[in-house]
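Asks: Input query-v7.cif, format and content: mmCIF, C-alpha atoms.
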data_data
loop_
_atom_site.label_atom_id
_atom_site.label_comp_id
_atom_site.auth_asym_id
_atom_site.auth_seq_id
_atom_site.Cartn_x
_atom_site.Cartn_y
_atom_site.Cartn_z
CA MET A 1 5.73 26.12 15.86
CA LEU A 2 9.27 24.99 15.10
CA THR A 3 8.47 21.39 16.02
CA MET A 4 5.43 21.56 13.74
CA ILE A 5 7.56 22.68 10.78
CA LEU A 6 10.16 20.02 11.59
CA ASP A 7 7.40 17.38 11.78
CA LEU A 8 6.12 18.40 8.36
CA ILE A 9 9.63 18.09 6.91
CA TYR A 10 10.10 14.67 8.52
CA CYS A 11 6.72 13.61 7.21
CA PHE A 12 7.59 14.82 3.70
CA VAL A 13 10.92 12.98 3.64
CA ALA A 14 9.51 9.80 5.20
CA SER A 15 6.74 9.53 2.61
CA LEU A 16 9.21 10.40 -0.15
CA PHE A 17 11.29 7.36 0.74
CA PHE A 18 8.14 5.32 1.18
CA ALA A 19 7.10 6.20 -2.36
CA LEU A 20 10.56 5.06 -3.49
CA ILE A 21 10.13 1.75 -1.62
CA MET A 22 6.80 1.24 -3.40
CA ASN A 23 8.56 2.06 -6.69
CA ALA A 24 6.16 4.89 -7.52
CA PRO A 25 6.73 6.59 -10.90
CA LYS A 26 9.46 9.19 -10.37
CA LYS A 27 7.44 12.24 -11.45
CA THR A 28 4.68 11.50 -8.94
CA ILE A 29 6.87 11.27 -5.86
CA VAL A 30 7.15 14.96 -4.99
CA ASN A 31 3.42 15.52 -5.47
CA SER A 32 2.41 12.63 -3.26
CA SER A 33 4.90 13.68 -0.58
CA ILE A 34 3.53 17.23 -0.55
CA SER A 35 0.00 15.96 -0.13
CA ALA A 36 1.28 13.64 2.61
CA ALA A 37 2.76 16.58 4.54
CA LEU A 38 -0.35 18.77 4.09
CA GLY A 39 -2.64 15.89 5.01
CA TYR A 40 -0.55 15.28 8.12
CA LEU A 41 -0.85 18.98 9.02
CA ILE A 42 -4.66 18.74 8.81
CA TYR A 43 -4.60 15.52 10.83
CA ILE A 44 -2.43 17.03 13.57
CA SER A 45 -4.43 20.27 13.81
CA VAL A 46 -7.84 18.59 13.92
CA GLN A 47 -6.65 15.86 16.28
CA THR A 48 -6.76 18.20 19.27
CA ILE A 49 -10.52 18.55 18.74
CA SER A 50 -11.33 14.93 17.93
CA PRO A 51 -8.76 12.24 17.07
CA THR A 52 -11.06 10.25 14.80
CA LEU A 53 -12.11 13.40 12.92
CA GLY A 54 -8.41 14.12 12.39
CA PHE A 55 -7.88 10.74 10.75
CA PHE A 56 -11.00 11.26 8.63
CA LEU A 57 -10.22 14.79 7.39
CA GLY A 58 -6.51 14.12 6.82
CA THR A 59 -7.30 11.09 4.67
CA LEU A 60 -10.12 12.95 2.91
CA PHE A 61 -7.67 15.67 1.86
CA ILE A 62 -5.04 13.18 0.65
CA ALA A 63 -7.62 11.17 -1.30
CA MET A 64 -8.96 14.34 -2.95
CA MET A 65 -5.44 15.45 -3.87
CA GLY A 66 -4.89 11.93 -5.22
CA GLU A 67 -7.93 12.21 -7.51
CA ILE A 68 -6.89 15.67 -8.71
CA PHE A 69 -3.33 14.50 -9.45
CA ALA A 70 -4.76 11.39 -11.13
CA ARG A 71 -6.71 13.54 -13.60
CA LYS A 72 -3.72 15.80 -14.18
CA PHE A 73 -1.12 13.05 -14.73
CA LYS A 74 -3.58 10.52 -16.25
CA MET A 75 -2.48 7.88 -13.75
CA PRO A 76 -4.42 5.79 -11.23
CA ALA A 77 -5.22 7.76 -8.06
CA THR A 78 -3.85 4.90 -5.96
CA ILE A 79 -0.31 5.82 -6.96
CA PHE A 80 -0.70 9.17 -5.19
CA ILE A 81 -2.82 7.98 -2.27
CA PHE A 82 -0.85 4.91 -1.08
CA PRO A 83 2.47 6.58 -0.19
CA ALA A 84 0.78 9.78 1.04
CA VAL A 85 -1.56 8.17 3.53
CA ILE A 86 1.17 6.15 5.32
CA PRO A 87 2.14 8.80 7.92
CA ILE A 88 -1.48 9.07 9.07
CA VAL A 89 -2.06 5.31 9.31
CA PRO A 90 -2.28 4.61 13.06
CA GLY A 91 0.87 2.52 13.36
CA TYR A 92 1.48 3.89 16.82
CA GLY A 93 -1.96 2.70 17.91
CA LEU A 94 -1.29 -0.81 16.61
CA TYR A 95 2.06 -0.84 18.42
CA GLN A 96 0.57 0.41 21.71
CA THR A 97 -2.10 -2.29 21.50
CA MET A 98 0.63 -4.90 21.19
CA LEU A 99 2.65 -3.32 23.99
CA ALA A 100 -0.37 -3.45 26.30
CA ILE A 101 -0.91 -7.14 25.50
CA VAL A 102 2.74 -7.88 26.29
CA GLN A 103 2.44 -6.02 29.59
CA ASN A 104 -0.59 -8.18 30.44
CA ASP A 105 -2.85 -5.15 30.42
CA ILE A 106 -5.74 -6.63 28.45
CA PHE A 107 -8.12 -3.85 29.38
CA SER A 108 -6.09 -1.05 27.84
CA ALA A 109 -5.19 -3.34 24.92
CA LEU A 110 -8.90 -3.62 24.12
CA GLU A 111 -9.42 0.10 24.61
CA ILE A 112 -6.52 1.19 22.40
CA GLY A 113 -7.21 -1.58 19.90
CA ALA A 114 -10.86 -0.58 19.47
CA THR A 115 -9.92 3.09 19.04
CA THR A 116 -7.29 2.13 16.45
CA ILE A 117 -9.77 0.04 14.46
CA LEU A 118 -12.26 2.92 14.61
CA ASN A 119 -9.61 5.32 13.27
CA ILE A 120 -8.68 2.93 10.47
CA ALA A 121 -12.37 2.66 9.57
CA ALA A 122 -12.63 6.48 9.51
CA MET A 123 -9.75 6.54 7.02
CA ALA A 124 -11.39 3.88 4.86
CA ILE A 125 -14.69 5.80 4.84
CA ALA A 126 -12.87 8.95 3.72
CA MET A 127 -11.18 7.06 0.89
CA VAL A 128 -14.42 5.44 -0.32
CA LEU A 129 -16.30 8.73 -0.12
CA VAL A 130 -13.80 10.51 -2.33
CA SER A 131 -13.63 7.70 -4.88
CA ILE A 132 -17.45 7.55 -5.13
CA LEU A 133 -17.62 11.34 -5.55
CA ALA A 134 -14.89 11.31 -8.17
CA SER A 135 -16.56 8.62 -10.26
CA LYS A 136 -19.95 10.40 -9.98
CA LEU A 137 -18.40 13.66 -11.16
CA GLN A 138 -16.68 11.81 -13.98
CA SER A 139 -19.92 10.24 -15.23
CA LEU A 140 -21.76 13.60 -14.98
CA LYS A 141 -19.07 15.23 -17.11
CA TYR A 142 -19.30 12.34 -19.57
CA ARG A 143 -23.07 12.69 -19.87
CA LYS A 144 -22.82 16.45 -20.44
CA SER A 145 -20.28 16.10 -23.23
CA ASN A 146 -22.51 13.62 -25.09
CA MET B 1 -12.50 -6.72 -37.26
CA GLU B 2 -11.65 -10.30 -36.28
CA VAL B 3 -9.97 -10.59 -32.89
CA ASN B 4 -7.53 -13.35 -32.06
CA ILE B 5 -9.22 -14.72 -28.93
CA GLY B 6 -6.12 -16.51 -27.69
CA LYS B 7 -4.04 -13.34 -27.79
CA LEU B 8 -6.80 -11.22 -26.31
CA LEU B 9 -7.14 -13.62 -23.39
CA LYS B 10 -3.39 -13.62 -22.89
CA VAL B 11 -3.27 -9.82 -22.79
CA ILE B 12 -6.18 -9.67 -20.36
CA LYS B 13 -4.65 -12.37 -18.15
CA LEU B 14 -1.25 -10.69 -17.96
CA SER B 15 -2.75 -7.27 -17.21
CA ALA B 16 -4.86 -8.59 -14.35
CA GLN B 17 -1.99 -10.71 -13.07
CA ILE B 18 0.44 -7.79 -12.95
CA ILE B 19 -2.11 -5.57 -11.21
CA LEU B 20 -2.90 -8.13 -8.52
CA GLU B 21 0.71 -9.18 -7.96
CA ASN B 22 1.90 -5.63 -7.48
CA GLY B 23 -0.54 -4.29 -4.94
CA GLY B 24 -3.37 -3.13 -7.19
CA GLU B 25 -6.94 -3.33 -5.92
CA THR B 26 -9.16 -6.20 -7.05
CA TYR B 27 -11.70 -3.78 -8.50
CA ARG B 28 -8.93 -2.24 -10.58
CA ALA B 29 -8.10 -5.67 -11.99
CA GLU B 30 -11.79 -6.30 -12.80
CA GLU B 31 -12.20 -2.86 -14.37
CA THR B 32 -9.09 -3.32 -16.50
CA ILE B 33 -10.33 -6.73 -17.70
CA GLU B 34 -13.67 -5.24 -18.73
CA PHE B 35 -12.04 -2.15 -20.21
CA ILE B 36 -9.78 -4.16 -22.50
CA GLY B 37 -12.68 -6.45 -23.42
CA GLU B 38 -14.86 -3.49 -24.34
CA SER B 39 -12.19 -1.94 -26.53
CA PHE B 40 -12.26 -5.07 -28.73
CA ASN B 41 -16.08 -5.17 -28.91
CA VAL B 42 -16.35 -8.38 -26.92
CA LYS B 43 -20.04 -9.24 -26.47
CA GLU B 44 -19.80 -10.62 -22.97
CA ILE B 45 -17.02 -10.36 -20.42
CA GLU B 46 -17.27 -11.38 -16.80
CA SER B 47 -14.55 -11.55 -14.17
CA ILE B 48 -14.07 -12.21 -10.50
CA ALA B 49 -10.79 -11.07 -8.96
CA THR B 50 -9.60 -11.81 -5.44
CA PRO B 51 -6.15 -11.20 -3.92
CA THR B 52 -5.30 -14.89 -4.42
CA GLY B 53 -6.45 -15.32 -8.00
CA PHE B 54 -8.96 -14.43 -10.70
CA TYR B 55 -11.42 -16.00 -13.14
CA ILE B 56 -12.37 -14.55 -16.52
CA THR B 57 -15.00 -15.65 -19.01
CA ILE B 58 -15.22 -13.93 -22.37
CA SER B 59 -17.51 -14.52 -25.28
CA VAL B 60 -16.56 -12.62 -28.42
CA ASN B 61 -19.60 -13.47 -30.52
CA GLY B 62 -22.02 -14.12 -27.68
CA GLU B 63 -22.09 -17.89 -28.24
CA ASP B 64 -18.69 -19.48 -27.58
CA ASN B 65 -17.29 -18.99 -24.11
CA HIS B 66 -13.63 -18.92 -23.17
CA THR B 67 -12.69 -19.20 -19.53
CA LEU B 68 -9.40 -18.63 -17.78
CA VAL B 69 -8.31 -19.17 -14.19
CA LYS B 70 -5.13 -17.73 -12.75
CA ARG B 71 -3.73 -18.22 -9.28
CA ILE B 72 -1.81 -15.34 -7.67
CA ARG B 73 0.90 -16.47 -5.27
CA LYS B 74 3.27 -13.58 -4.70
CA ARG B 75 2.07 -10.17 -3.68
CA THR B 76 4.31 -7.11 -3.42
CA ILE B 77 3.81 -3.40 -4.04
CA ASP B 78 5.15 -1.85 -7.23
CA LEU B 79 3.23 1.24 -8.27
CA GLN B 80 5.27 1.72 -11.43
CA LYS B 81 4.01 -1.57 -12.84
CA ILE B 82 0.40 -0.69 -12.07
CA ASN B 83 0.86 2.58 -13.89
CA ASP B 84 2.42 0.81 -16.88
CA VAL B 85 -0.50 -1.62 -17.18
CA ASN B 86 -2.89 1.30 -16.90
CA ASN B 87 -1.10 3.01 -19.79
CA ILE B 88 -1.26 -0.10 -21.95
CA SER B 89 -4.98 -0.60 -21.37
CA ARG B 90 -5.55 3.06 -22.31
CA GLN B 91 -3.52 2.64 -25.49
CA LEU B 92 -5.42 -0.54 -26.37
CA TYR B 93 -8.69 1.34 -25.92
CA LEU B 94 -7.51 4.05 -28.30
CA HIS B 95 -6.16 1.34 -30.64
CA SER B 96 -2.81 3.09 -30.78
CA ILE B 97 -1.05 -0.25 -30.19
CA THR B 98 -1.90 -3.75 -31.42
CA LEU B 99 -2.48 -6.82 -29.30
CA ASP B 100 0.95 -8.18 -30.22
CA GLN B 101 2.68 -5.01 -29.10
CA ALA B 102 0.65 -4.97 -25.89
CA LEU B 103 1.54 -8.59 -25.18
CA GLU B 104 5.22 -7.90 -25.73
CA GLU B 105 5.17 -4.88 -23.42
CA LEU B 106 3.19 -6.70 -20.72
CA GLU B 107 5.62 -9.60 -20.77
CA TYR B 108 8.49 -7.15 -20.45
CA ILE B 109 6.82 -5.44 -17.47
CA ASN B 110 6.08 -8.76 -15.82
CA ASN B 111 9.61 -10.12 -16.15
CA ASN B 112 11.60 -6.99 -15.39
CA THR B 113 11.59 -5.46 -11.97
CA ALA B 114 13.48 -2.22 -11.80
CA SER B 115 16.05 -3.04 -9.15
CA ASP B 116 17.19 0.11 -7.45
CA LYS B 117 20.56 -0.39 -5.81
CA TYR B 118 19.59 2.06 -3.08
CA SER B 119 16.36 0.29 -2.15
CA LEU B 120 17.84 -0.97 1.13
CA LEU B 121 18.74 2.58 2.05
CA TYR B 122 15.19 3.77 1.28
CA VAL B 123 13.71 1.40 3.85
CA GLY B 124 16.26 2.52 6.43
CA LEU B 125 15.79 6.22 5.76
CA SER B 126 12.02 5.92 5.75
CA SER B 127 12.17 4.16 9.13
CA GLY B 128 14.57 6.81 10.41
CA PHE B 129 12.38 9.75 9.45
CA PHE B 130 9.27 8.09 10.86
CA THR B 131 11.20 7.70 14.10
CA LEU B 132 11.94 11.43 14.06
CA LEU B 133 8.26 12.11 13.36
CA PHE B 134 7.26 10.04 16.40
CA GLY B 135 9.53 12.06 18.67
CA GLY B 136 12.91 10.40 18.24
CA ARG B 137 16.25 12.21 18.25
CA ILE B 138 19.60 11.60 16.54
CA LEU B 139 20.37 8.39 18.43
CA GLU B 140 16.93 6.96 17.69
CA PHE B 141 17.18 8.04 14.05
CA PHE B 142 20.39 6.13 13.40
CA THR B 143 19.24 3.05 15.31
CA ALA B 144 16.05 2.91 13.23
CA LEU B 145 18.05 3.51 10.05
CA PHE B 146 20.36 0.58 10.70
CA SER B 147 17.64 -1.77 11.89
CA GLY B 148 15.57 -0.87 8.81
CA ILE B 149 18.45 -1.72 6.49
CA LEU B 150 19.19 -4.94 8.38
CA VAL B 151 15.55 -6.01 8.30
CA SER B 152 15.22 -5.48 4.56
CA ILE B 153 18.43 -7.44 3.91
CA MET B 154 17.08 -10.29 6.02
CA SER B 155 13.62 -10.27 4.47
CA ARG B 156 15.28 -10.79 1.07
CA GLY B 157 16.87 -13.94 2.41
CA PHE B 158 13.45 -15.21 3.47
CA VAL B 159 11.78 -14.71 0.07
CA ASN B 160 12.05 -18.34 -1.02
CA PHE B 161 10.83 -19.67 2.30
CA HIS B 162 7.52 -21.41 2.78
CA SER B 163 5.12 -19.16 4.78
CA TYR B 164 7.56 -16.38 3.99
CA GLN B 165 5.40 -13.53 5.22
CA PHE B 166 4.93 -14.93 8.70
CA PHE B 167 8.59 -15.78 9.34
CA SER B 168 10.10 -12.66 7.87
CA ASN B 169 7.76 -10.40 9.84
CA THR B 170 8.31 -12.24 13.08
CA VAL B 171 12.08 -11.98 12.72
CA ALA B 172 11.79 -8.35 11.61
CA GLY B 173 9.72 -7.44 14.65
CA ALA B 174 12.19 -9.17 16.96
CA VAL B 175 15.26 -7.56 15.37
CA ILE B 176 13.81 -4.05 15.48
CA ALA B 177 12.71 -4.41 19.10
CA PHE B 178 16.05 -5.95 20.08
CA PHE B 179 18.08 -3.13 18.52
CA ALA B 180 15.83 -0.45 19.95
CA ILE B 181 16.07 -1.81 23.49
CA ALA B 182 19.77 -2.73 23.27
CA VAL B 183 20.89 0.68 22.00
CA THR B 184 18.76 2.74 24.36
CA THR B 185 19.79 0.60 27.34
CA LEU B 186 23.51 0.63 26.51
CA ALA B 187 23.52 4.36 25.77
CA ASN B 188 21.42 4.87 28.88
CA THR B 189 19.42 7.59 27.18
CA GLY B 190 16.73 7.79 24.57
CA ASN B 191 13.35 6.20 24.11
CA TYR B 192 12.88 2.83 22.45
CA ASN B 193 9.21 3.34 21.49
CA PRO B 194 9.76 5.70 18.51
CA ILE B 195 12.47 3.38 17.15
CA ILE B 196 10.21 0.34 17.21
CA VAL B 197 7.23 2.15 15.66
CA GLY B 198 9.38 3.94 13.08
CA GLY B 199 11.21 0.75 12.19
CA MET B 200 7.96 -1.17 11.86
CA MET B 201 6.18 1.56 9.88
CA PRO B 202 7.23 0.15 6.46
CA LEU B 203 5.98 -3.28 7.60
CA LEU B 204 2.85 -2.45 9.58
CA PRO B 205 -0.40 -3.46 7.89
CA GLY B 206 -2.24 -0.19 8.54
CA LEU B 207 -2.68 0.42 4.84
CA ALA B 208 -3.73 -3.20 4.28
CA MET B 209 -6.38 -2.80 6.99
CA THR B 210 -7.64 0.42 5.41
CA ASN B 211 -7.85 -1.36 2.04
CA ALA B 212 -9.67 -4.30 3.63
CA ILE B 213 -12.36 -2.06 5.08
CA ARG B 214 -12.60 -0.07 1.86
CA ASP B 215 -13.01 -3.23 -0.26
CA THR B 216 -15.70 -4.49 2.09
CA MET B 217 -17.56 -1.19 1.90
CA ARG B 218 -17.44 -1.29 -1.89
CA GLY B 219 -19.17 -4.69 -1.78
CA ASP B 220 -16.05 -6.69 -2.67
CA LEU B 221 -16.66 -8.90 0.33
CA LEU B 222 -14.34 -11.75 -0.62
CA SER B 223 -11.42 -9.47 -1.29
CA GLY B 224 -12.14 -7.47 1.87
CA ILE B 225 -12.02 -10.57 4.05
CA ALA B 226 -8.89 -11.87 2.31
CA ARG B 227 -7.09 -8.58 2.86
CA ALA B 228 -8.24 -8.39 6.46
CA ALA B 229 -6.84 -11.88 7.02
CA GLU B 230 -3.54 -10.83 5.47
CA ALA B 231 -3.39 -7.68 7.59
CA LEU B 232 -4.14 -9.71 10.71
CA LEU B 233 -1.40 -12.19 9.85
CA VAL B 234 1.19 -9.45 9.37
CA ALA B 235 0.13 -7.59 12.52
CA SER B 236 0.19 -10.71 14.67
CA SER B 237 3.54 -11.93 13.32
CA LEU B 238 5.16 -8.52 13.90
CA ALA B 239 3.61 -8.39 17.35
CA ALA B 240 4.82 -11.91 18.09
CA GLY B 241 8.41 -11.02 17.17
CA ALA B 242 8.56 -7.68 18.93
CA GLY B 243 6.37 -8.97 21.75
CA VAL B 244 8.74 -11.79 22.70
CA VAL B 245 11.70 -9.40 22.88
CA LEU B 246 9.73 -6.81 24.87
CA TYR B 247 8.39 -9.50 27.18
CA LEU B 248 11.91 -10.83 27.85
CA ALA B 249 13.15 -7.30 28.47
CA TYR B 250 10.35 -6.65 30.95
CA SER B 251 10.66 -9.96 32.74
CA THR B 252 14.46 -9.77 33.12
CA GLY B 253 14.14 -6.25 34.47
CA ILE B 254 16.04 -4.51 31.66
CA LEU B 255 12.93 -2.45 31.08
CA SER B 256 10.55 -1.50 33.82
#
For the file at hand, write its structure as structure tokens.
Replies:
Amino acid sequence: MLTMILDLIYCFVASLFFALIMNAPKKTIVNSSISAALGYLIYISVQTISPTLGFFLGTLFIAMMGEIFARKFKMPATIFIFPAVIPIVPGYGLYQTMLAIVQNDIFSALEIGATTILNIAAMAIAMVLVSILASKLQSLKYRKSN
Amino acid sequence: MEVNIGKLLKVIKLSAQIILENGGETYRAEETIEFIGESFNVKEIESIATPTGFYITISVNGEDNHTLVKRIRKRTIDLQKINDVNNISRQLYLHSITLDQALEELEYINNNTASDKYSLLYVGLSSGFFTLLFGGRILEFFTALFSGILVSIMSRGFVNFHSYQFFSNTVAGAVIAFFAIAVTTLANTGNYNPIIVGGMMPLLPGLAMTNAIRDTMRGDLLSGIARAAEALLVASSLAAGAGVVLYLAYSTGILS
């Protein structure tokens, strides 16, 4: 439990500095870091059931939060999604793939590499899904008001 | 209302240029181009944006065409600038600013990068906290912090190089791996894996890969392939740098 809370704090701070590296507008930074930490929590909890589902649901949450914040702040959703999604991005998978290649273990390199690509694809699907849904909702609202 | 086509084209060009140069998606550039065109009642507006450049054709009265081609050479990430351009296109749509004002503001945005004097520290701290997230402790945290700062100082020196991205990432990968292995070996405790992953996290193309797949799924095939190529280049150059150091460490028996 304690390590989980510590992980969430680390995740929050890491994405906070990441938002600063990307020069995100100052008033968006805390919001995107909170959604990063919550998205990471979802990712970690679901990962024990199915790793790929964890990547999918974590990104889905962050993308949805991004769209909600985008409406609230009247800013592009990307500004909230980019820094927030970084902790979930399977950097460790990419690194392990490389490590396996260096150790001449092509078989596990392929195995880890394929899984990593699959996880990245799951994240991309989650992002596209949310952005399609958001634009559909937007156009429905627009049609109703006219 | 008569629109000055030259100025309109200039505003559209600068907006798209700033979006693409600062990490905005290609569809965002295309949407902004069309959005600004629509707000000035342009009859026809067509654009193709890719990460390496864009083409625009506008026809204000439906008869005369004006075409513009712009090449994009440098690509960084600056979310503030994307937000600023978004604001300006909104204001143009509402006609709360004129084309001249928009042009002036866009030129200001394009020429002025907010230089934060702590930006080196941000990279270091971000690396450090990612290291903690991946299971590092105090020793690993400080190693990642210093290698992050060192890497971002060095990558600034590489900016004017030809094939800048490849060289700076190769050197970055090597430096991070070297520090991680050297410190953990000399201290005889600790784990070098979290340091390397944490240190590389600000450089790894995971987000670029996600964007590549997302662009492809949206039907922006050209942009998807271009981004995938960029992600592959970054991943392989980082792997080359870190890989050489790791390979040497394994073959000399420092690591086993």
Asks: Using the chain letters and numbers from this file, what does the PyMOL selection byres ((chain A) within 8 of (chain B)) select? Give the answer as a PyMOL selection string.
Replies: chain A and resi 7+10-11+13-18+20-25+75-76+79+82+85-87+89-92+95+98-99+102-103+120-121+123-125+127-128
Asks: Determine the axis-aligned bounding box of all atoms of region 70-73 of chain A present in the file, pad each side by 4 Å, and express its centre and edge lengths in Å to one decimal place as lines of an AutoDock Vina configuration file.
Replies:
center_x = -3.9
center_y = 13.6
center_z = -12.9
size_x = 13.6
size_y = 12.4
size_z = 11.6
Asks: Which of these, B:Leu221, B:Ile88, B:Ile45, B:Phe166, has the shortest distance to Asp100 (chain B) once you count only C-alpha atoms?
Replies: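 Going through B:Leu221, B:Ile88, B:Ile45, B:Phe166 one by one, the smallest distance to Asp100 (chain B) is for B:Ile88.
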Asks: Starting from the PyMOL selection byres ((chain B and resi 227) around 9), expand the selection into actual residues of this file and give them as number ranges by chain.
Replies: B: 51, 208-209, 211-213, 215, 222-226, 228-232
Asks: Quick one: of A:Ala84, A:Pro51, A:Leu6, A:Leu118, who's nearest to Ser35 (chain A), counting only C-alpha atoms?
Replies: A:Ala84
Asks: To one decimal place, how far is CA of Leu53 (chain A) from CA of Glu111 (chain A) in Å?
Replies: 17.9 Å
Asks: How many Å separate CA of Asn31 (chain A) from CA of Ser131 (chain A)?
Replies: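 Between CA of Asn31 (chain A) and CA of Ser131 (chain A) the gap is 18.8 Å.
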Asks: If we count all atoms listed in the file, what is near Gly62 (chain B) at a cut-off of 10 Å, once residues fewer than 4 positions away on the same chain are taken out, given as a ChimeraX atom specification?
Replies: /B:42-45,58
Asks: Go ahead and save the picked residues with C-alpha atoms, as an mmCIF file, in the frame of the given file.
Replies:
data_model
loop_
_atom_site.group_PDB
_atom_site.id
_atom_site.type_symbol
_atom_site.label_atom_id
_atom_site.label_comp_id
_atom_site.auth_asym_id
_atom_site.auth_seq_id
_atom_site.Cartn_x
_atom_site.Cartn_y
_atom_site.Cartn_z
ATOM 1 C CA VAL B 42 -16.350 -8.380 -26.920
ATOM 2 C CA LYS B 43 -20.040 -9.240 -26.470
ATOM 3 C CA GLU B 44 -19.800 -10.620 -22.970
ATOM 4 C CA ILE B 45 -17.020 -10.360 -20.420
ATOM 5 C CA ILE B 58 -15.220 -13.930 -22.370
#
Asks: Can you give me, as an MDAnalysis selection string, the residues this file yields under the PyMOL selection byres ((chain B and resi 68) around 8)?
Replies: chainID B and resid 9 13 55:57 66:67 69:70
Asks: From the list A:Val130, A:Ile42, A:Leu94, A:Ala100, which residue is nearest Thr78 (chain A) when using all atoms listed in the file?
Replies: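 Ranked by minimum distance to Thr78 (chain A), first place goes to A:Val130.
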Asks: To one decimal place in Å, what is the distance between CA of Phe141 (chain B) and CA of Val234 (chain B)?
Replies: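 CA of Val234 (chain B) lies 24.2 Å from CA of Phe141 (chain B).
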Asks: Once N, CA and C atoms are restored for region 8-24 of chain A, what would the output be as a PDB file, in the frame of the given file?
Replies:
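Final output, part-v3.pdb:
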ATOM      1  N   LEU A   8       6.569  18.424   9.757  1.00  0.00           N
ATOM      2  CA  LEU A   8       6.120  18.400   8.360  1.00  0.00           C
ATOM      3  C   LEU A   8       7.258  17.988   7.435  1.00  0.00           C
ATOM      4  N   ILE A   9       8.472  18.475   7.739  1.00  0.00           N
ATOM      5  CA  ILE A   9       9.630  18.090   6.910  1.00  0.00           C
ATOM      6  C   ILE A   9       9.901  16.602   7.046  1.00  0.00           C
ATOM      7  N   TYR A  10       9.885  16.105   8.299  1.00  0.00           N
ATOM      8  CA  TYR A  10      10.100  14.670   8.520  1.00  0.00           C
ATOM      9  C   TYR A  10       9.066  13.857   7.762  1.00  0.00           C
ATOM     10  N   CYS A  11       7.821  14.325   7.850  1.00  0.00           N
ATOM     11  CA  CYS A  11       6.720  13.610   7.210  1.00  0.00           C
ATOM     12  C   CYS A  11       6.919  13.570   5.692  1.00  0.00           C
ATOM     13  N   PHE A  12       7.327  14.722   5.153  1.00  0.00           N
ATOM     14  CA  PHE A  12       7.590  14.820   3.700  1.00  0.00           C
ATOM     15  C   PHE A  12       8.674  13.831   3.291  1.00  0.00           C
ATOM     16  N   VAL A  13       9.790  13.841   4.017  1.00  0.00           N
ATOM     17  CA  VAL A  13      10.920  12.980   3.640  1.00  0.00           C
ATOM     18  C   VAL A  13      10.553  11.506   3.825  1.00  0.00           C
ATOM     19  N   ALA A  14       9.871  11.200   4.948  1.00  0.00           N
ATOM     20  CA  ALA A  14       9.510   9.800   5.200  1.00  0.00           C
ATOM     21  C   ALA A  14       8.620   9.264   4.094  1.00  0.00           C
ATOM     22  N   SER A  15       7.630  10.057   3.659  1.00  0.00           N
ATOM     23  CA  SER A  15       6.740   9.530   2.610  1.00  0.00           C
ATOM     24  C   SER A  15       7.434   9.534   1.261  1.00  0.00           C
ATOM     25  N   LEU A  16       8.412  10.428   1.091  1.00  0.00           N
ATOM     26  CA  LEU A  16       9.210  10.400  -0.150  1.00  0.00           C
ATOM     27  C   LEU A  16       9.937   9.062  -0.281  1.00  0.00           C
ATOM     28  N   PHE A  17      10.581   8.647   0.812  1.00  0.00           N
ATOM     29  CA  PHE A  17      11.290   7.360   0.740  1.00  0.00           C
ATOM     30  C   PHE A  17      10.306   6.210   0.658  1.00  0.00           C
ATOM     31  N   PHE A  18       9.141   6.387   1.273  1.00  0.00           N
ATOM     32  CA  PHE A  18       8.140   5.320   1.180  1.00  0.00           C
ATOM     33  C   PHE A  18       7.673   5.140  -0.254  1.00  0.00           C
ATOM     34  N   ALA A  19       7.492   6.275  -0.951  1.00  0.00           N
ATOM     35  CA  ALA A  19       7.100   6.200  -2.360  1.00  0.00           C
ATOM     36  C   ALA A  19       8.185   5.481  -3.161  1.00  0.00           C
ATOM     37  N   LEU A  20       9.446   5.729  -2.804  1.00  0.00           N
ATOM     38  CA  LEU A  20      10.560   5.060  -3.490  1.00  0.00           C
ATOM     39  C   LEU A  20      10.549   3.561  -3.191  1.00  0.00           C
ATOM     40  N   ILE A  21      10.223   3.176  -1.952  1.00  0.00           N
ATOM     41  CA  ILE A  21      10.130   1.750  -1.620  1.00  0.00           C
ATOM     42  C   ILE A  21       9.052   1.096  -2.463  1.00  0.00           C
ATOM     43  N   MET A  22       7.909   1.792  -2.624  1.00  0.00           N
ATOM     44  CA  MET A  22       6.800   1.240  -3.400  1.00  0.00           C
ATOM     45  C   MET A  22       7.043   1.369  -4.899  1.00  0.00           C
ATOM     46  N   ASN A  23       8.194   1.887  -5.280  1.00  0.00           N
ATOM     47  CA  ASN A  23       8.560   2.060  -6.690  1.00  0.00           C
ATOM     48  C   ASN A  23       7.513   2.886  -7.451  1.00  0.00           C
ATOM     49  N   ALA A  24       7.111   3.998  -6.849  1.00  0.00           N
ATOM     50  CA  ALA A  24       6.160   4.890  -7.520  1.00  0.00           C
ATOM     51  C   ALA A  24       6.855   5.549  -8.708  1.00  0.00           C
TER      52      ALA A  24
END
